$ cat structure06.txt   # compact mmCIF, C-alpha atoms and all ligand atoms
# COMPACT_ATOMS: atom_id res chain seq x y z
CA MET A 716 11.35 73.68 79.57
CA ASN A 717 13.60 70.76 78.63
CA LYS A 718 14.07 67.82 81.00
CA PRO A 719 16.85 68.62 83.53
CA VAL A 720 20.21 66.95 82.91
CA ASP A 721 23.27 66.11 84.98
CA PHE A 722 25.57 67.93 82.53
CA ALA A 723 24.94 70.58 79.89
CA VAL A 724 27.87 71.02 77.49
CA ILE A 725 27.63 74.38 75.73
CA GLY A 726 29.47 74.27 72.40
CA ARG A 727 29.10 71.48 69.85
CA GLY A 728 32.63 71.98 68.56
CA MET A 729 35.70 69.77 68.80
CA MET A 730 36.19 69.87 72.56
CA GLY A 731 32.55 70.09 73.65
CA SER A 732 31.46 67.11 71.55
CA ALA A 733 34.28 64.95 72.89
CA CYS A 734 33.55 66.01 76.46
CA ALA A 735 29.84 65.22 76.03
CA ARG A 736 30.74 61.76 74.72
CA TYR A 737 32.89 60.95 77.74
CA LEU A 738 30.23 62.23 80.14
CA ALA A 739 27.42 60.33 78.41
CA GLU A 740 29.44 57.11 78.12
CA SER A 741 30.09 57.25 81.86
CA GLY A 742 26.33 57.03 82.41
CA ALA A 743 25.38 60.66 83.15
CA SER A 744 22.47 62.41 81.50
CA VAL A 745 23.94 64.96 79.09
CA ALA A 746 22.76 67.70 76.75
CA LEU A 747 25.19 68.77 74.01
CA ILE A 748 24.23 72.23 72.89
CA GLY A 749 25.15 74.40 69.93
CA PRO A 750 24.00 75.41 66.48
CA ASN A 751 24.74 73.40 63.33
CA GLU A 752 27.45 74.59 60.97
CA PRO A 753 25.96 77.55 59.08
CA ALA A 754 24.65 76.69 55.62
CA ASP A 755 25.57 80.20 54.44
CA ARG A 756 28.33 81.83 56.44
CA ILE A 757 27.85 85.22 54.75
CA THR A 758 24.36 85.66 56.17
CA HIS A 759 24.90 83.70 59.40
CA SER A 760 25.11 85.91 62.48
CA GLY A 761 27.03 83.47 64.67
CA PRO A 762 28.21 81.74 66.61
CA PHE A 763 30.76 80.17 64.24
CA GLY A 764 33.13 77.28 64.95
CA SER A 765 36.87 77.05 64.29
CA HIS A 766 36.50 73.50 62.99
CA HIS A 767 34.31 74.09 59.91
CA ASP A 768 36.86 72.75 57.45
CA GLN A 769 37.99 69.47 55.85
CA GLY A 770 41.57 69.32 57.12
CA ARG A 771 43.64 69.76 60.25
CA ILE A 772 47.17 68.60 60.90
CA THR A 773 47.65 65.82 63.40
CA ARG A 774 51.01 64.78 64.86
CA ARG A 775 52.60 63.44 67.99
CA LEU A 776 55.64 65.62 67.35
CA ALA A 777 55.33 68.94 69.14
CA HIS A 778 57.38 71.78 70.58
CA ASP A 779 56.17 70.83 74.07
CA VAL A 780 55.84 67.52 75.95
CA ASP A 781 52.30 68.08 77.17
CA TRP A 782 51.04 68.96 73.69
CA ALA A 783 52.75 65.81 72.41
CA ARG A 784 51.03 63.75 75.12
CA LEU A 785 47.62 65.30 74.38
CA SER A 786 47.86 64.44 70.70
CA SER A 787 49.50 61.03 71.14
CA ARG A 788 46.67 59.88 73.37
CA SER A 789 44.09 61.21 70.93
CA ILE A 790 45.77 59.68 67.87
CA ASP A 791 45.77 56.32 69.65
CA ARG A 792 41.96 56.53 69.82
CA TYR A 793 41.13 57.63 66.25
CA ALA A 794 40.77 54.02 65.04
CA ASP A 795 38.27 53.20 67.78
CA LEU A 796 36.29 56.36 67.01
CA GLU A 797 36.26 55.47 63.30
CA THR A 798 35.14 51.91 63.94
CA ARG A 799 32.38 52.85 66.34
CA SER A 800 31.07 55.85 64.37
CA GLY A 801 31.60 54.49 60.86
CA LEU A 802 33.15 57.86 59.91
CA GLU A 803 36.51 58.39 58.23
CA ILE A 804 38.52 60.73 60.42
CA PHE A 805 42.24 60.17 59.95
CA THR A 806 44.54 60.04 56.92
CA ALA A 807 47.95 58.69 57.87
CA SER A 808 49.97 60.69 55.35
CA GLY A 809 52.81 61.20 57.85
CA GLY A 810 53.58 64.38 59.75
CA MET A 811 56.73 66.49 59.65
CA MET A 812 58.17 69.44 61.53
CA ALA A 813 61.06 71.36 59.98
CA GLY A 814 63.10 74.39 60.97
CA PRO A 815 66.52 75.99 60.93
CA ARG A 816 69.41 74.36 62.77
CA ALA A 817 70.88 77.78 63.69
CA GLY A 818 69.75 81.41 63.90
CA PRO A 819 66.21 82.77 64.30
CA GLY A 820 63.73 79.93 64.76
CA SER A 821 66.36 77.39 65.83
CA ASP A 822 64.80 77.21 69.32
CA PHE A 823 61.65 75.84 67.63
CA THR A 824 63.69 73.14 65.85
CA GLU A 825 65.55 72.28 69.00
CA SER A 826 62.30 71.97 70.96
CA PHE A 827 60.52 69.51 68.67
CA LEU A 828 63.65 67.36 68.33
CA LYS A 829 64.05 67.36 72.10
CA VAL A 830 60.40 66.39 72.70
CA ALA A 831 60.65 63.59 70.11
CA ASP A 832 63.61 62.13 71.98
CA ALA A 833 62.20 62.75 75.47
CA LEU A 834 58.94 60.94 74.68
CA ASP A 835 60.49 58.35 72.37
CA ILE A 836 58.25 59.37 69.49
CA PRO A 837 59.25 57.11 66.59
CA HIS A 838 60.54 59.42 63.86
CA GLU A 839 63.09 59.91 61.11
CA HIS A 840 65.55 62.77 61.63
CA HIS A 841 66.50 64.56 58.39
CA ASN A 842 68.88 67.30 57.31
CA ASP A 843 70.25 68.91 54.13
CA ALA A 844 71.84 65.64 53.07
CA THR A 845 68.70 63.50 53.28
CA LEU A 846 65.72 65.84 52.83
CA PRO A 847 65.86 66.27 49.00
CA ARG A 848 65.93 62.52 48.41
CA ARG A 849 63.30 61.63 51.01
CA PHE A 850 60.93 64.53 50.27
CA PRO A 851 61.58 65.63 46.66
CA GLU A 852 58.35 67.68 46.64
CA PHE A 853 59.92 70.21 49.06
CA THR A 854 62.83 72.62 48.63
CA PHE A 855 63.88 73.58 52.12
CA PRO A 856 66.35 76.38 52.86
CA PRO A 857 69.93 75.19 53.55
CA GLY A 858 70.52 74.35 57.21
CA THR A 859 67.06 72.81 57.73
CA GLU A 860 66.54 69.96 60.16
CA ALA A 861 63.34 67.95 60.21
CA ALA A 862 61.57 65.17 62.06
CA TRP A 863 59.07 62.98 60.21
CA GLU A 864 56.67 60.56 61.89
CA ALA A 865 54.60 57.87 60.21
CA SER A 866 51.79 58.23 62.75
CA GLY A 867 50.94 61.84 61.84
CA GLY A 868 48.95 63.18 58.93
CA THR A 869 45.62 64.92 58.69
CA ILE A 870 42.21 64.61 60.27
CA ASN A 871 38.86 65.76 58.96
CA PRO A 872 37.73 68.00 61.86
CA ARG A 873 34.09 67.87 60.77
CA ALA A 874 34.17 64.08 60.80
CA LEU A 875 35.97 63.93 64.15
CA ARG A 876 33.44 66.27 65.70
CA ASP A 877 30.56 64.32 64.13
CA ALA A 878 31.98 61.04 65.43
CA GLU A 879 32.19 62.38 68.98
CA SER A 880 28.70 63.79 68.75
CA LEU A 881 27.22 60.63 67.20
CA LEU A 882 28.74 58.44 69.92
CA ALA A 883 27.51 60.87 72.58
CA SER A 884 24.01 60.45 71.11
CA LYS A 885 24.37 56.68 71.08
CA ALA A 886 25.15 56.94 74.80
CA SER A 887 21.84 58.84 75.19
CA ALA A 888 23.13 62.44 75.12
CA GLU A 889 20.52 64.84 73.81
CA ILE A 890 21.66 67.16 71.04
CA ILE A 891 20.10 70.63 71.21
CA PRO A 892 21.00 72.49 67.98
CA GLN A 893 20.61 76.00 69.36
CA ALA A 894 22.82 78.73 70.76
CA VAL A 895 22.61 79.53 74.46
CA THR A 896 21.68 83.17 74.92
CA ALA A 897 21.94 83.42 78.70
CA LEU A 898 23.12 81.38 81.67
CA ASN A 899 21.66 82.12 85.10
CA GLN A 900 23.20 79.91 87.74
CA ASN A 901 22.72 76.55 86.06
CA LYS A 902 19.70 77.47 83.98
CA LEU A 903 20.36 77.82 80.27
CA HIS A 904 18.23 80.07 78.08
CA PHE A 905 17.81 79.52 74.34
CA ALA A 906 16.83 81.90 71.57
CA ASP A 907 13.42 80.24 71.13
CA GLY A 908 12.53 81.08 74.73
CA THR A 909 12.98 77.58 76.14
CA THR A 910 15.26 76.78 79.08
CA LEU A 911 17.23 73.86 80.48
CA ALA A 912 18.37 73.17 84.04
CA ALA A 913 21.67 71.33 84.48
CA GLY A 914 23.49 69.98 87.53
CA HIS A 915 26.78 71.11 86.00
CA VAL A 916 27.61 73.22 82.94
CA VAL A 917 30.68 72.79 80.71
CA MET A 918 31.52 75.91 78.72
CA ALA A 919 33.21 74.77 75.50
CA THR A 920 32.37 77.66 73.22
CA GLY A 921 35.83 78.11 71.65
CA ALA A 922 36.70 81.74 70.87
CA TYR A 923 33.34 82.89 72.24
CA ALA A 924 34.35 81.94 75.79
CA HIS A 925 36.47 85.10 75.66
CA THR A 926 33.91 87.43 74.14
CA ASP A 927 30.48 86.33 75.39
CA ASP A 928 28.99 87.16 78.75
CA LEU A 929 27.87 83.65 79.67
CA LEU A 930 30.77 83.18 82.09
CA PRO A 931 31.09 85.02 85.41
CA ALA A 932 34.62 86.12 84.41
CA ARG A 933 36.40 86.34 81.08
CA PRO A 934 39.14 83.81 80.37
CA GLU A 935 42.37 85.58 79.39
CA MET A 936 42.83 84.65 75.74
CA ARG A 937 44.05 86.32 72.58
CA VAL A 938 41.61 85.51 69.79
CA TYR A 939 43.31 86.16 66.45
CA ALA A 940 41.68 86.66 63.04
CA ARG A 941 43.56 84.24 60.81
CA THR A 942 43.73 83.90 57.04
CA ILE A 943 44.03 80.59 55.23
CA ALA A 944 45.22 80.20 51.63
CA PHE A 945 44.06 77.31 49.46
CA ALA A 946 45.87 76.12 46.33
CA GLN A 947 43.85 73.90 44.01
CA VAL A 948 45.59 71.01 42.25
CA ASP A 949 44.28 68.47 39.76
CA GLU A 950 44.05 64.71 40.22
CA THR A 951 47.43 64.08 38.51
CA GLU A 952 49.21 66.55 40.75
CA ALA A 953 47.51 65.12 43.84
CA ALA A 954 48.62 61.62 42.79
CA ARG A 955 52.22 62.89 42.41
CA LEU A 956 51.96 64.24 45.97
CA ALA A 957 50.42 61.05 47.38
CA LYS A 958 53.26 60.70 49.90
CA MET A 959 53.39 64.34 50.95
CA PRO A 960 53.23 64.65 54.76
CA SER A 961 51.48 67.38 56.70
CA LEU A 962 54.10 69.96 57.58
CA ILE A 963 54.87 72.58 60.21
CA PHE A 964 57.90 74.57 59.01
CA ILE A 965 59.80 77.81 59.31
CA PRO A 966 60.50 79.34 55.89
CA GLU A 967 63.78 81.13 55.26
CA GLY A 968 63.81 84.57 56.88
CA LEU A 969 60.85 83.97 59.20
CA ALA A 970 61.11 83.45 62.94
CA TYR A 971 57.69 81.79 63.24
CA ASP A 972 56.21 78.65 61.77
CA LEU A 973 53.66 78.03 59.02
CA TYR A 974 51.53 74.94 58.48
CA LEU A 975 50.84 73.13 55.23
CA LEU A 976 48.44 70.29 54.48
CA PRO A 977 48.75 67.84 51.57
CA PRO A 978 45.97 67.76 48.94
CA ILE A 979 42.57 67.13 50.54
CA ARG A 980 39.25 66.73 48.77
CA TYR A 981 36.69 69.37 49.76
CA PRO A 982 32.89 69.18 49.54
CA ASP A 983 33.01 70.89 46.10
CA GLY A 984 34.80 67.74 44.86
CA LYS A 985 38.08 69.61 44.24
CA LEU A 986 41.50 69.00 45.77
CA TYR A 987 43.30 71.72 47.70
CA LEU A 988 46.54 72.17 49.60
CA LYS A 989 46.07 74.53 52.52
CA ILE A 990 48.68 76.84 54.01
CA GLY A 991 48.44 79.19 56.99
CA GLY A 992 50.26 80.75 59.89
CA GLU A 993 50.87 84.33 60.97
CA ASP A 994 52.99 85.89 63.64
CA GLU A 995 50.55 88.65 64.50
CA SER A 996 47.09 89.33 63.09
CA PRO A 997 44.14 91.46 64.21
CA LEU A 998 42.73 90.59 67.63
CA LEU A 999 39.02 89.81 67.83
CA THR A 1000 37.74 91.20 71.10
CA ASN A 1001 33.98 91.06 70.73
CA ARG A 1002 31.27 88.92 69.21
CA SER A 1003 30.47 91.30 66.40
CA ASP A 1004 34.12 91.39 65.22
CA ILE A 1005 34.24 87.58 65.25
CA THR A 1006 31.06 87.42 63.17
CA THR A 1007 32.30 89.96 60.62
CA TRP A 1008 35.62 88.13 60.31
CA PHE A 1009 34.06 84.69 59.81
CA GLN A 1010 31.62 86.08 57.24
CA GLY A 1011 34.57 87.30 55.13
CA ASP A 1012 37.32 85.58 53.16
CA GLY A 1013 40.34 86.61 55.22
CA ASN A 1014 43.05 89.04 54.17
CA ALA A 1015 44.14 88.90 50.50
CA GLN A 1016 47.61 90.28 51.22
CA VAL A 1017 48.29 87.71 53.93
CA SER A 1018 47.11 84.99 51.56
CA GLU A 1019 49.49 86.19 48.82
CA THR A 1020 52.41 86.07 51.28
CA LEU A 1021 51.45 82.53 52.32
CA LEU A 1022 51.22 81.43 48.67
CA THR A 1023 54.66 82.92 48.00
CA HIS A 1024 56.05 80.76 50.80
CA LEU A 1025 54.24 77.76 49.31
CA ARG A 1026 55.71 78.38 45.85
CA THR A 1027 59.20 78.73 47.37
CA LEU A 1028 58.84 75.48 49.29
CA MET A 1029 57.21 73.60 46.40
CA PRO A 1030 58.50 75.26 43.21
CA ASP A 1031 57.18 72.46 40.97
CA LEU A 1032 53.64 72.62 42.37
CA ALA A 1033 51.12 72.90 39.52
CA ILE A 1034 48.52 75.25 41.02
CA GLN A 1035 45.23 75.48 39.15
CA GLY A 1036 43.75 78.31 41.20
CA THR A 1037 43.76 79.85 44.64
CA HIS A 1038 41.28 81.22 47.13
CA THR A 1039 41.29 82.40 50.73
CA GLY A 1040 39.40 81.64 53.91
CA SER A 1041 38.99 83.01 57.43
CA CYS A 1042 39.18 81.40 60.85
CA ALA A 1043 39.84 82.38 64.47
CA VAL A 1044 42.46 80.91 66.81
CA SER A 1045 42.38 81.28 70.60
CA PHE A 1046 45.70 81.50 72.43
CA THR A 1047 45.64 81.23 76.20
CA THR A 1048 48.03 82.99 78.58
CA THR A 1049 49.51 79.67 79.71
CA GLY A 1050 49.95 78.23 76.21
CA TYR A 1051 47.76 75.27 77.21
CA PRO A 1052 44.02 74.72 76.96
CA TYR A 1053 42.00 75.88 79.95
CA ILE A 1054 40.35 72.86 81.62
CA ASP A 1055 39.18 74.24 84.91
CA ARG A 1056 36.33 73.77 87.36
CA LEU A 1057 35.40 77.37 88.07
CA SER A 1058 32.73 76.43 90.61
CA ASP A 1059 30.69 73.40 91.71
CA GLY A 1060 28.35 74.07 88.79
CA LEU A 1061 30.69 75.27 86.04
CA THR A 1062 33.71 73.91 84.11
CA LEU A 1063 35.63 75.81 81.44
CA LEU A 1064 37.02 73.84 78.49
CA THR A 1065 38.55 76.04 75.81
CA GLY A 1066 41.73 77.49 74.30
CA GLY A 1067 42.94 75.33 71.42
CA ASN A 1068 46.06 77.49 70.83
CA GLY A 1069 45.84 76.67 67.12
CA ALA A 1070 46.44 73.01 67.90
CA GLY A 1071 43.30 71.78 69.64
CA ALA A 1072 41.58 69.89 66.83
CA LYS A 1073 43.88 66.86 66.70
CA CYS A 1074 43.80 66.33 70.45
CA CYS A 1075 40.17 67.23 71.12
CA ASP A 1076 39.41 63.68 72.22
CA GLU A 1077 41.91 63.80 75.08
CA LEU A 1078 40.88 67.36 75.95
CA GLY A 1079 37.27 66.19 76.09
CA ARG A 1080 38.25 63.28 78.33
CA LEU A 1081 40.08 65.58 80.74
CA GLY A 1082 37.19 68.07 80.59
CA ALA A 1083 34.74 65.34 81.55
CA MET A 1084 36.90 64.33 84.51
CA VAL A 1085 37.12 67.91 85.76
CA ALA A 1086 33.37 68.41 85.29
CA ARG A 1087 32.72 65.30 87.38
CA GLY A 1088 34.89 66.78 90.12
CA GLU A 1089 37.76 64.33 89.55
CA SER A 1090 41.41 65.34 89.79
CA ILE A 1091 43.51 65.24 86.61
CA GLN A 1092 46.77 65.58 88.53
CA ALA A 1093 47.70 61.92 88.04
CA GLU A 1094 47.01 61.96 84.30
CA GLY A 1095 50.68 62.42 83.48
CA TYR A 1096 50.80 66.09 82.46
CA GLU A 1097 53.26 68.66 83.69
CA THR A 1098 50.78 71.51 83.41
CA ASP A 1099 47.61 71.71 85.51
CA PHE A 1100 45.50 73.25 82.67
CA ARG A 1101 44.20 75.89 85.13
CA ALA A 1102 42.51 78.92 83.57
CA VAL A 1103 43.66 82.50 83.89
CA LEU A 1104 40.62 84.72 84.35
CA ALA A 1105 40.37 88.48 83.93
C1 LIG B 1201 42.90 78.21 60.36
C2 LIG B 1201 43.03 77.25 61.48
C3 LIG B 1201 43.87 76.17 61.34
C4 LIG B 1201 44.00 75.26 62.39
N1 LIG B 1201 44.81 74.19 62.20
C5 LIG B 1201 44.88 73.24 63.16
C6 LIG B 1201 45.62 72.06 62.92
O1 LIG B 1201 46.22 71.88 61.86
N2 LIG B 1201 45.63 71.11 63.89
C7 LIG B 1201 44.96 71.28 65.07
O2 LIG B 1201 45.02 70.38 65.90
N3 LIG B 1201 44.24 72.40 65.32
C8 LIG B 1201 44.19 73.37 64.38
N4 LIG B 1201 43.44 74.49 64.59
C9 LIG B 1201 42.79 74.70 65.90
C10 LIG B 1201 41.51 73.95 66.07
O3 LIG B 1201 40.68 74.04 64.96
C11 LIG B 1201 40.84 74.53 67.33
O4 LIG B 1201 41.75 74.43 68.40
C12 LIG B 1201 39.58 73.77 67.67
O5 LIG B 1201 38.61 73.90 66.67
C13 LIG B 1201 39.05 74.33 68.98
O6 LIG B 1201 37.95 73.55 69.41
P1 LIG B 1201 36.85 74.17 70.36
O7 LIG B 1201 35.88 73.11 70.63
O8 LIG B 1201 37.52 74.87 71.50
O9 LIG B 1201 36.19 75.35 69.50
P2 LIG B 1201 35.29 75.26 68.18
O10 LIG B 1201 35.72 74.13 67.35
O11 LIG B 1201 35.32 76.63 67.57
O12 LIG B 1201 33.84 74.97 68.75
C14 LIG B 1201 33.17 75.89 69.56
C15 LIG B 1201 31.68 75.69 69.31
O13 LIG B 1201 30.97 76.46 70.27
C16 LIG B 1201 29.80 76.91 69.64
N5 LIG B 1201 29.25 78.05 70.42
C17 LIG B 1201 29.80 79.27 70.60
N6 LIG B 1201 28.99 80.03 71.37
C18 LIG B 1201 27.91 79.27 71.68
C19 LIG B 1201 26.71 79.49 72.42
N7 LIG B 1201 26.45 80.67 73.01
N8 LIG B 1201 25.81 78.49 72.52
C20 LIG B 1201 26.04 77.29 71.94
N9 LIG B 1201 27.16 77.03 71.20
C21 LIG B 1201 28.08 78.00 71.08
C22 LIG B 1201 30.23 77.28 68.24
O14 LIG B 1201 29.13 77.31 67.35
C23 LIG B 1201 31.22 76.15 67.94
O15 LIG B 1201 30.58 75.06 67.29
C24 LIG B 1201 43.29 75.45 63.58
C25 LIG B 1201 42.43 76.54 63.72
C26 LIG B 1201 42.31 77.42 62.68
C27 LIG B 1201 41.38 78.58 62.86
$ encode --input "structure06.txt" --output "structure tokens"
Amino acid sequence: MNKPVDFAVIGRGMMGSACARYLAESGASVALIGPNEPADRITHSGPFGSHHDQGRITRRLAHDVDWARLSSRSIDRYADLETRSGLEIFTASGGMMAGPRAGPGSDFTESFLKVADALDIPHEHHNDATLPRRFPEFTFPPGTEAAWEASGGTINPRALRDAESLLASKASAEIIPQAVTALNQNKLHFADGTTLAAGHVVMATGAYAHTDDLLPARPEMRVYARTIAFAQVDETEAARLAKMPSLIFIPEGLAYDLYLLPPIRYPDGKLYLKIGGEDESPLLTNRSDITTWFQGDGNAQVSETLLTHLRTLMPDLAIQGTHTGSCAVSFTTTGYPYIDRLSDGLTLLTGGNGAGAKCCDELGRLGAMVARGESIQAEGYETDFRAVLA
């Protein structure tokens, strides 16, 4: 039996680690619980995390004001997190959103331009006349409009999570690198037979919040199996693309957006651009389907389609080789993360909607407030982040 704590945060991912940091830094006793990233994903039986990667897009620009607020507040704190943890989290390569001025997808373009103006997000506004000169690496379809911000770019999600977790530890949070197998009232059970009693539990288990039976009711979420395509480039090509921003864009003929990251160095020492985005993909409705999906390499056909879009957007890109990856994204019914106190002893913090990595620090802050029983109504958001439960 572990020593009882004020708060047990289940899930050592992006949101859980940030939440644990805020709780621990406010003086509470905290346990941050979850397994390490698997050393071998093919033999690992779960749980997996949606942040086990080297790159995520970060940007203040967004299709929605609350998402822009969540990320703006988080971006403002990256420097402090880097200084205090000693970890490199953020690369300010610039962030861009681009889409058609008219026709299918134009509502997307209109929305991010509107949000940029409404929140006074400093940005450059580009169109057919200016895009080729300003961003010669891209060939956008005619009729494209884009917003570029200097304060966007990429984050290393592993480093951001590690920074949150390290600072939580420095504030005396205990890290328990195990999965929780059962939750009875506020008593947590681990695979090795040990238990932990907590005054309050925060459930931050990402996609698993929808599929596991730890919660009294299932949060309504669509958990999608997503494929990622990687394009390897050499050092010379990466140097040519040194000013390439991260990009959310709608390719010609599509009505939904794709994302593209500039070259990032991976643990194998090589440099890769990463592209992803799908309108629909298989739904993962149980733990075993999530495990099987994460153990695999995604869908080869989806990857080929993504790489075709990449080659169309960047016809001069010198690709050395390609490979695919798998991940899971959790979309909530409201379109916003669920940050909800389900009972006196339980808070839910999940639902990244494919955009939760960059703003995990603010989500963790709000999660900590809710877990402490504080209201987040005056935090300046239009949504209340309430969960929809089955
Ligand atoms: C391909 C892809 C691209 C993305 N791109 C972007 C992007 O560019 N920008 C962006 O901002 N976001 C992006 N996202 C979304 C972002 O990665 C997620 O929103 C974010 O990781 C969600 O954080 P989380 O803490 O909710 O979940 P996770 O990061 O998945 O963490 C959940 C953790 O809970 C743990 N866990 C599960 N069950 C248990 C249990 N029973 N006991 C203990 N621990 C448990 C897991 O091991 C995991 O570590 C992307 C996601 C994917 C899949």
$ atom_distance --input "structure06.txt" --atom1 "atom CA of A:Leu1064" --atom2 "atom C8 of ligand LIG 1201 (chain B)"
15.8 Å
$ residues_around --input "structure06.txt" --residues "A:Ile1054" --least-positions-apart "3" --cutoff "10 Å" --atoms "all atoms listed in the file" --output "number ranges by chain"
A: 917-919, 1051, 1057, 1062-1066, 1078-1079, 1081-1086, 1091, 1099-1102
$ write_last_selection --input "structure06.txt" --atoms "C-alpha atoms" --output "mmCIF file, keeping the file's coordinate frame"
data_model
loop_
_atom_site.group_PDB
_atom_site.id
_atom_site.type_symbol
_atom_site.label_atom_id
_atom_site.label_comp_id
_atom_site.auth_asym_id
_atom_site.auth_seq_id
_atom_site.Cartn_x
_atom_site.Cartn_y
_atom_site.Cartn_z
ATOM 1 C CA VAL A 917 30.680 72.790 80.710
ATOM 2 C CA MET A 918 31.520 75.910 78.720
ATOM 3 C CA ALA A 919 33.210 74.770 75.500
ATOM 4 C CA TYR A 1051 47.760 75.270 77.210
ATOM 5 C CA LEU A 1057 35.400 77.370 88.070
ATOM 6 C CA THR A 1062 33.710 73.910 84.110
ATOM 7 C CA LEU A 1063 35.630 75.810 81.440
ATOM 8 C CA LEU A 1064 37.020 73.840 78.490
ATOM 9 C CA THR A 1065 38.550 76.040 75.810
ATOM 10 C CA GLY A 1066 41.730 77.490 74.300
ATOM 11 C CA LEU A 1078 40.880 67.360 75.950
ATOM 12 C CA GLY A 1079 37.270 66.190 76.090
ATOM 13 C CA LEU A 1081 40.080 65.580 80.740
ATOM 14 C CA GLY A 1082 37.190 68.070 80.590
ATOM 15 C CA ALA A 1083 34.740 65.340 81.550
ATOM 16 C CA MET A 1084 36.900 64.330 84.510
ATOM 17 C CA VAL A 1085 37.120 67.910 85.760
ATOM 18 C CA ALA A 1086 33.370 68.410 85.290
ATOM 19 C CA ILE A 1091 43.510 65.240 86.610
ATOM 20 C CA ASP A 1099 47.610 71.710 85.510
ATOM 21 C CA PHE A 1100 45.500 73.250 82.670
ATOM 22 C CA ARG A 1101 44.200 75.890 85.130
ATOM 23 C CA ALA A 1102 42.510 78.920 83.570
#
$ closest_atom_pairs --input "structure06.txt" --of "chain A" --to "ligand LIG 1201 (chain B)" --cutoff "6 Å" --atoms "all atoms listed in the file" --output "CSV"
residue,atom,partner,partner_atom,distance
A:Ile725,CA,B:LIG1201,C20,5.0
A:Gly726,CA,B:LIG1201,O13,3.4
A:Arg727,CA,B:LIG1201,O15,4.6
A:Gly728,CA,B:LIG1201,O12,3.2
A:Met729,CA,B:LIG1201,O7,3.8
A:Met730,CA,B:LIG1201,O7,3.8
A:Gly731,CA,B:LIG1201,O7,5.4
A:Ile748,CA,B:LIG1201,C20,5.5
A:Gly749,CA,B:LIG1201,N9,3.5
A:Pro750,CA,B:LIG1201,O14,5.5
A:Pro762,CA,B:LIG1201,O14,4.6
A:Phe763,CA,B:LIG1201,O14,4.5
A:Gly764,CA,B:LIG1201,O11,3.5
A:Ser765,CA,B:LIG1201,O11,3.7
A:His766,CA,B:LIG1201,O5,4.3
A:Arg771,CA,B:LIG1201,O1,3.7
A:Ile772,CA,B:LIG1201,O1,3.5
A:Thr773,CA,B:LIG1201,N2,5.7
A:Ala894,CA,B:LIG1201,N8,3.5
A:Val895,CA,B:LIG1201,N8,3.9
A:Thr896,CA,B:LIG1201,N7,5.7
A:Ala919,CA,B:LIG1201,O7,5.8
A:Thr920,CA,B:LIG1201,O13,3.5
A:Gly921,CA,B:LIG1201,O9,3.5
A:Tyr923,CA,B:LIG1201,N6,5.3
A:Ile943,CA,B:LIG1201,C1,5.8
A:Cys1042,CA,B:LIG1201,C27,4.1
A:Ala1043,CA,B:LIG1201,C27,4.4
A:Val1044,CA,B:LIG1201,C27,4.7
A:Thr1065,CA,B:LIG1201,O8,4.6
A:Gly1066,CA,B:LIG1201,O8,5.7
A:Gly1067,CA,B:LIG1201,O4,3.4
A:Asn1068,CA,B:LIG1201,O4,5.8
A:Gly1069,CA,B:LIG1201,C9,3.8
A:Ala1070,CA,B:LIG1201,N3,3.4
A:Gly1071,CA,B:LIG1201,O4,3.3
A:Ala1072,CA,B:LIG1201,O2,3.6
A:Lys1073,CA,B:LIG1201,O2,3.8
$ residues_around --input "structure06.txt" --residues "stretch 981-991 of chain A" --least-positions-apart "3" --cutoff "9 Å" --atoms "all atoms listed in the file" --output "PyMOL selection string"
chain A and resi 768-770+941-950+953+973-978+1018+1021-1022+1024-1025+1037
$ closest_residue --input "structure06.txt" --among "A:Ile790, A:Ala878, A:Val1103, A:Ala912" --to "A:Ala865" --atoms "all atoms listed in the file"
A:Ile790
$ closest_residue --input "structure06.txt" --among "A:Ser880, A:Thr854, A:Ser821, A:Asn842" --to "A:Val745" --atoms "all atoms listed in the file"
A:Ser880
$ closest_residue --input "structure06.txt" --among "A:Asn899, A:Thr1027, A:Thr1039, A:Thr1049" --to "A:Asp1012" --atoms "all atoms listed in the file"
A:Thr1039
